[in-house]
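> The structure that follows is given in the form of structure tokens.
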Amino acid sequence: MYIPYGRQSIDEDDIQAVVDVLRSDYLTTGPKVSEFEEKVAGYVGAKYAVAVSNGTAALHIACLAAGIGQGDEVITTPITFAASSNCVLYCGGTPVFADIDADTYNISPEEIERKITDKTKAIIPVHYTGQPCDMDTIIEIARKHNLLVIEDAAHALGASYKEKRIGSISDMTCFSFHPVKPITTGEGGMVVTNDEELYKKLVLFRSHGITRDGGMMTENQGNWYYQQLELGYNYRITDISCALGISQMNKLDGFLVKRREIANRYDKAFKDVADIKIPKQIADGNSGWHLYMIQVMNKSRKEVFDQLRTVGIGVNVHYIPVYQHPYYQNHGYSACCLPNAESFYERAISLPIHPALTVEQQQYVIDKVLEFVEE
């Protein structure tokens, strides 16, 4: 038996949706792309959506649309996948890491405020594990300093903050549809926004910087005509992927119910165990529970991790602080030290959580965690 920490949930409806596209006239850049965009935008409460090839591409074009360039600083968290800061580097900007809140594991607004300089152009808060950041405070800070907010919501499709769905709150929000995420398109991503000008830029950067929109071109010689206005990228997504995404969106609320049930069972099992710290949830948020993290307080994390792997439980660690990676160490971050992030990393273990996880499988995980932590 092997129980992965996360996996996709695919059924016959999903398979049929993909087959239907394979039998249609369009495999890419066709009607399923806009249908998927409209479905996600409508669900999260955003006016516009731009679907792309993956979540990293979504972050990249969001930074491009924000105008981030050489000399600009962007504040983000170190407890995230490297894409959350790499997207700034792609644009020539400089990521600045702010420490996390020790209880929620999300970026600390107080630490954001401390890191702002006259070079700061944007903030990229990451809704780590699916729990929303303190968005009111972050947006207040951004407005005070005239900064853009680009939410990395790769973990948080379906999550909400003060009864507003993530995706409806800030300048731009980026989602990922990798197989372990809330829904999957195989690979895929999306940026949503309520700003029409940002939307137009996002569309340009997705596809080579090219447009056929007569209102944007400097001239129009006919229906065949197009112009490249920006140096864009080929970040287009296929109709095959979007058909799968549309089908998956129909199941998202059900997936979220299952994830929350699993998280509640873990909470109940571990809340009174002195050697385990469970994740704190903010009162104003409703997490998407992409990940369930525990901290092992009085034993070696590596020892417990290795024991769990040995008995077929696919635990993981999310994440190594980004600035500790050799690339970052070799490019100006060797002196970076954020105590809350480093303390969390030394203790953190991701337990299995996905819609297909059965009660019996979860109980096995719980029993083994308790056995190895308390022995």
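Chains: A, B, ... in order of the structure tokens. Residues: from 1 per chain. Ligands: from 1, in order shown.
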Quick one: residues within 8 Å of A:Phe305, only C-alpha atoms, excluding same-chain residues fewer than 4 positions away - as number ranges by chain?

A: 301, 309, 315-316, 349

> Counting only C-alpha atoms, which residue out of A:Ala66, A:Ala46, A:Ala356, A:Leu148 sits closest to A:Ser168?

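Smallest distance to A:Ser168 is found for A:Ala46.
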
> In stretch 71-249 of chain A, what's strand (DSSP E) per DSSP? Answer as JSON, numbers by chain?

{"A": [73, 74, 75, 76, 94, 95, 96, 97, 120, 121, 122, 123, 124, 148, 149, 150, 151, 152, 160, 161, 164, 165, 172, 173, 174, 175, 176, 189, 190, 191, 192, 193, 210, 211, 227, 228]}

> Store the residues picked out above, limited to N, CA and C atoms, as a compact mmCIF listing (two decimals), in the first residue's frame.


# COMPACT_ATOMS: atom_id res chain seq x y z
N GLU A 73 11.60 45.96 -6.63
CA GLU A 73 11.56 44.94 -5.59
C GLU A 73 10.13 44.46 -5.40
N VAL A 74 9.99 43.17 -5.16
CA VAL A 74 8.68 42.57 -4.91
C VAL A 74 8.78 41.71 -3.65
N ILE A 75 7.90 41.94 -2.70
CA ILE A 75 7.96 41.24 -1.42
C ILE A 75 7.09 39.99 -1.48
N THR A 76 7.65 38.88 -1.04
CA THR A 76 6.90 37.63 -0.99
C THR A 76 7.39 36.79 0.18
N THR A 94 13.75 42.11 -8.23
CA THR A 94 14.43 41.51 -7.09
C THR A 94 13.40 41.03 -6.07
N PRO A 95 13.33 39.72 -5.81
CA PRO A 95 12.45 39.24 -4.74
C PRO A 95 13.01 39.64 -3.38
N VAL A 96 12.13 40.07 -2.50
CA VAL A 96 12.49 40.39 -1.11
C VAL A 96 11.62 39.50 -0.22
N PHE A 97 12.25 38.72 0.62
CA PHE A 97 11.51 37.76 1.43
C PHE A 97 11.17 38.34 2.80
N THR A 120 10.20 49.19 -3.83
CA THR A 120 9.15 48.17 -3.80
C THR A 120 8.04 48.52 -4.78
N LYS A 121 7.66 47.56 -5.59
CA LYS A 121 6.61 47.81 -6.59
C LYS A 121 5.38 46.94 -6.37
N ALA A 122 5.54 45.77 -5.75
CA ALA A 122 4.39 44.87 -5.61
C ALA A 122 4.61 43.94 -4.42
N ILE A 123 3.52 43.30 -4.02
CA ILE A 123 3.53 42.27 -2.99
C ILE A 123 2.93 41.01 -3.60
N ILE A 124 3.57 39.87 -3.38
CA ILE A 124 3.00 38.59 -3.81
C ILE A 124 2.74 37.75 -2.57
N LEU A 148 1.14 47.23 -6.11
CA LEU A 148 0.21 46.25 -6.65
C LEU A 148 0.25 44.98 -5.79
N VAL A 149 -0.88 44.27 -5.73
CA VAL A 149 -0.95 42.99 -5.03
C VAL A 149 -1.28 41.90 -6.05
N ILE A 150 -0.37 40.92 -6.13
CA ILE A 150 -0.56 39.76 -7.01
C ILE A 150 -0.65 38.54 -6.10
N GLU A 151 -1.84 38.00 -5.93
CA GLU A 151 -1.99 36.84 -5.05
C GLU A 151 -1.55 35.56 -5.75
N ASP A 152 -0.69 34.79 -5.08
CA ASP A 152 -0.37 33.45 -5.54
C ASP A 152 -1.35 32.52 -4.83
N SER A 160 -11.95 31.16 0.72
CA SER A 160 -12.59 32.48 0.85
C SER A 160 -12.03 33.24 2.04
N TYR A 161 -12.13 34.56 1.94
CA TYR A 161 -11.67 35.48 2.98
C TYR A 161 -12.78 36.48 3.24
N LYS A 164 -15.58 36.46 0.82
CA LYS A 164 -15.25 36.76 -0.58
C LYS A 164 -14.32 35.66 -1.07
N ARG A 165 -14.63 35.12 -2.23
CA ARG A 165 -13.76 34.08 -2.77
C ARG A 165 -12.41 34.65 -3.17
N MET A 172 -4.49 41.24 -9.08
CA MET A 172 -4.46 40.02 -9.88
C MET A 172 -4.29 38.82 -8.94
N THR A 173 -4.87 37.69 -9.35
CA THR A 173 -4.75 36.45 -8.58
C THR A 173 -4.40 35.33 -9.54
N CYS A 174 -3.42 34.52 -9.14
CA CYS A 174 -2.92 33.45 -10.00
C CYS A 174 -3.27 32.09 -9.42
N PHE A 175 -3.79 31.21 -10.27
CA PHE A 175 -4.13 29.84 -9.88
C PHE A 175 -3.28 28.84 -10.65
N SER A 176 -3.15 27.65 -10.08
CA SER A 176 -2.47 26.53 -10.72
C SER A 176 -3.43 25.35 -10.82
N GLY A 189 -2.69 27.00 -15.74
CA GLY A 189 -2.77 28.08 -14.78
C GLY A 189 -3.73 29.14 -15.27
N MET A 190 -3.96 30.15 -14.43
CA MET A 190 -4.88 31.22 -14.80
C MET A 190 -4.59 32.45 -13.96
N VAL A 191 -4.76 33.61 -14.58
CA VAL A 191 -4.75 34.88 -13.86
C VAL A 191 -6.14 35.48 -13.96
N VAL A 192 -6.68 35.91 -12.83
CA VAL A 192 -7.96 36.62 -12.84
C VAL A 192 -7.74 38.03 -12.32
N THR A 193 -8.58 38.95 -12.80
CA THR A 193 -8.46 40.35 -12.43
C THR A 193 -9.79 41.05 -12.66
N ILE A 210 1.13 39.44 -29.36
CA ILE A 210 0.46 39.69 -30.64
C ILE A 210 -1.03 39.91 -30.43
N THR A 211 -1.59 40.85 -31.20
CA THR A 211 -3.03 41.10 -31.15
C THR A 211 -3.61 41.27 -32.55
N GLN A 227 -0.54 42.48 -35.23
CA GLN A 227 0.70 43.17 -34.87
C GLN A 227 1.23 42.63 -33.54
N GLN A 228 2.55 42.59 -33.44
CA GLN A 228 3.19 42.30 -32.15
C GLN A 228 3.45 43.62 -31.45

> Name the residues in contact with stretch 32-42 of chain A at a cut-off of 6 Å, using only C-alpha atoms, excluding same-chain residues fewer than 2 positions from it; report them as an mmCIF file with N, CA, C and O atoms, in the first residue's frame.


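Here's the written file around30.cif:
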data_model
loop_
_atom_site.group_PDB
_atom_site.id
_atom_site.type_symbol
_atom_site.label_atom_id
_atom_site.label_comp_id
_atom_site.auth_asym_id
_atom_site.auth_seq_id
_atom_site.Cartn_x
_atom_site.Cartn_y
_atom_site.Cartn_z
ATOM 1 N N GLY A 30 -9.160 27.334 -28.896
ATOM 2 C CA GLY A 30 -10.522 27.254 -29.384
ATOM 3 C C GLY A 30 -11.541 27.636 -28.328
ATOM 4 O O GLY A 30 -11.216 28.302 -27.339
ATOM 5 N N VAL A 44 -15.132 32.576 -8.961
ATOM 6 C CA VAL A 44 -14.401 33.339 -7.944
ATOM 7 C C VAL A 44 -14.898 34.772 -7.808
ATOM 8 O O VAL A 44 -14.561 35.456 -6.832
ATOM 9 N N GLY A 45 -15.672 35.247 -8.782
ATOM 10 C CA GLY A 45 -16.200 36.606 -8.692
ATOM 11 C C GLY A 45 -15.301 37.650 -9.313
ATOM 12 O O GLY A 45 -15.271 38.804 -8.864
ATOM 13 N N ALA A 46 -14.559 37.271 -10.368
ATOM 14 C CA ALA A 46 -13.700 38.213 -11.087
ATOM 15 C C ALA A 46 -14.313 38.547 -12.446
ATOM 16 O O ALA A 46 -15.051 37.755 -13.017
ATOM 17 N N ALA A 49 -10.501 36.698 -16.906
ATOM 18 C CA ALA A 49 -9.603 35.581 -16.632
ATOM 19 C C ALA A 49 -8.802 35.267 -17.877
ATOM 20 O O ALA A 49 -9.307 35.353 -19.003
ATOM 21 N N ASP A 239 -7.308 23.397 -25.693
ATOM 22 C CA ASP A 239 -8.726 23.084 -25.454
ATOM 23 C C ASP A 239 -8.858 21.736 -24.738
ATOM 24 O O ASP A 239 -9.814 21.530 -23.967
ATOM 25 N N CYS A 242 -8.456 22.565 -21.142
ATOM 26 C CA CYS A 242 -9.576 23.375 -20.632
ATOM 27 C C CYS A 242 -10.859 22.564 -20.525
ATOM 28 O O CYS A 242 -11.673 22.803 -19.631
ATOM 29 N N ALA A 243 -11.062 21.607 -21.436
ATOM 30 C CA ALA A 243 -12.228 20.724 -21.318
ATOM 31 C C ALA A 243 -12.169 19.938 -20.014
ATOM 32 O O ALA A 243 -13.183 19.787 -19.314
ATOM 33 N N ILE A 246 -13.005 22.404 -17.172
ATOM 34 C CA ILE A 246 -14.439 22.696 -17.066
ATOM 35 C C ILE A 246 -15.149 21.573 -16.320
ATOM 36 O O ILE A 246 -15.961 21.818 -15.416
#

> Pick out the residues sitting within 12 Å of stretch 18-26 of chain A, and hand them over as an MDAnalysis selection string; count only C-alpha atoms, and ignore anything fewer than 5 positions along from it in its own chain.

chainID A and resid 10:13 31:33 185:186 238:248

> Just checking: using only C-alpha atoms, which residue out of A:Val359, A:Leu370, A:Val365, A:Ile61 ends up closest to A:Asp275?

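Closest to A:Asp275 of all the choices is A:Leu370.
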
> Give me the residues near A:Ala269 as a PyMOL selection string, where near means some atom within 10 Å (using only C-alpha atoms) and where sequence neighbours in that chain fewer than 6 positions away do not count.

chain A and resi 263+278+363+366-367+370

> What separation in Å, quoted to one decimal, exists between atom CA of A:Gly92 and atom CA of A:Pro321?

21.0 Å

> So, with only C-alpha atoms as the atoms that count, which of A:Phe372, A:Tyr323, A:Tyr328, A:Tyr266 lies closest to A:Glu303?

A:Phe372

> Point out the residue among A:Ala98, A:Ile116, A:Val180, A:Leu27 with the least atom-to-atom distance to A:Ser9, counting only C-alpha atoms.

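Residue with the minimum atom-to-atom distance to A:Ser9: A:Val180.
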
> Enumerate, as a ChimeraX atom specification, the complete set of residues in stretch 46-134 of chain A that a backbone-based DSSP assignment places in alpha helix (DSSP H).

/A:55-65,83-90,109-115

> Write out as an MDAnalysis selection string which residues come within 8 Å of stretch 336-346 of chain A when counting only C-alpha atoms, dropping same-chain ones fewer than 3 positions away.

chainID A and resid 78:79 98:102 105 295 301 317:321 323 333

> Compile the contact shell of A:Gly312 as a ChimeraX atom specification: residues with an atom at most 8 Å away, counting only C-alpha atoms, same-chain residues fewer than 3 positions apart removed.

/A:1-3,308-309

> Just C-alpha atoms for this one: save the residues we selected as a PDB file, in the first residue's frame.


ATOM      1  CA  MET A   1       0.000   0.000   0.000  1.00  0.00           C
ATOM      2  CA  TYR A   2       1.188   3.511  -0.843  1.00  0.00           C
ATOM      3  CA  ILE A   3      -0.765   6.641   0.148  1.00  0.00           C
ATOM      4  CA  LEU A 308       6.289   7.245   7.585  1.00  0.00           C
ATOM      5  CA  ARG A 309       7.743   6.780   4.113  1.00  0.00           C
TER       6      ARG A 309
END
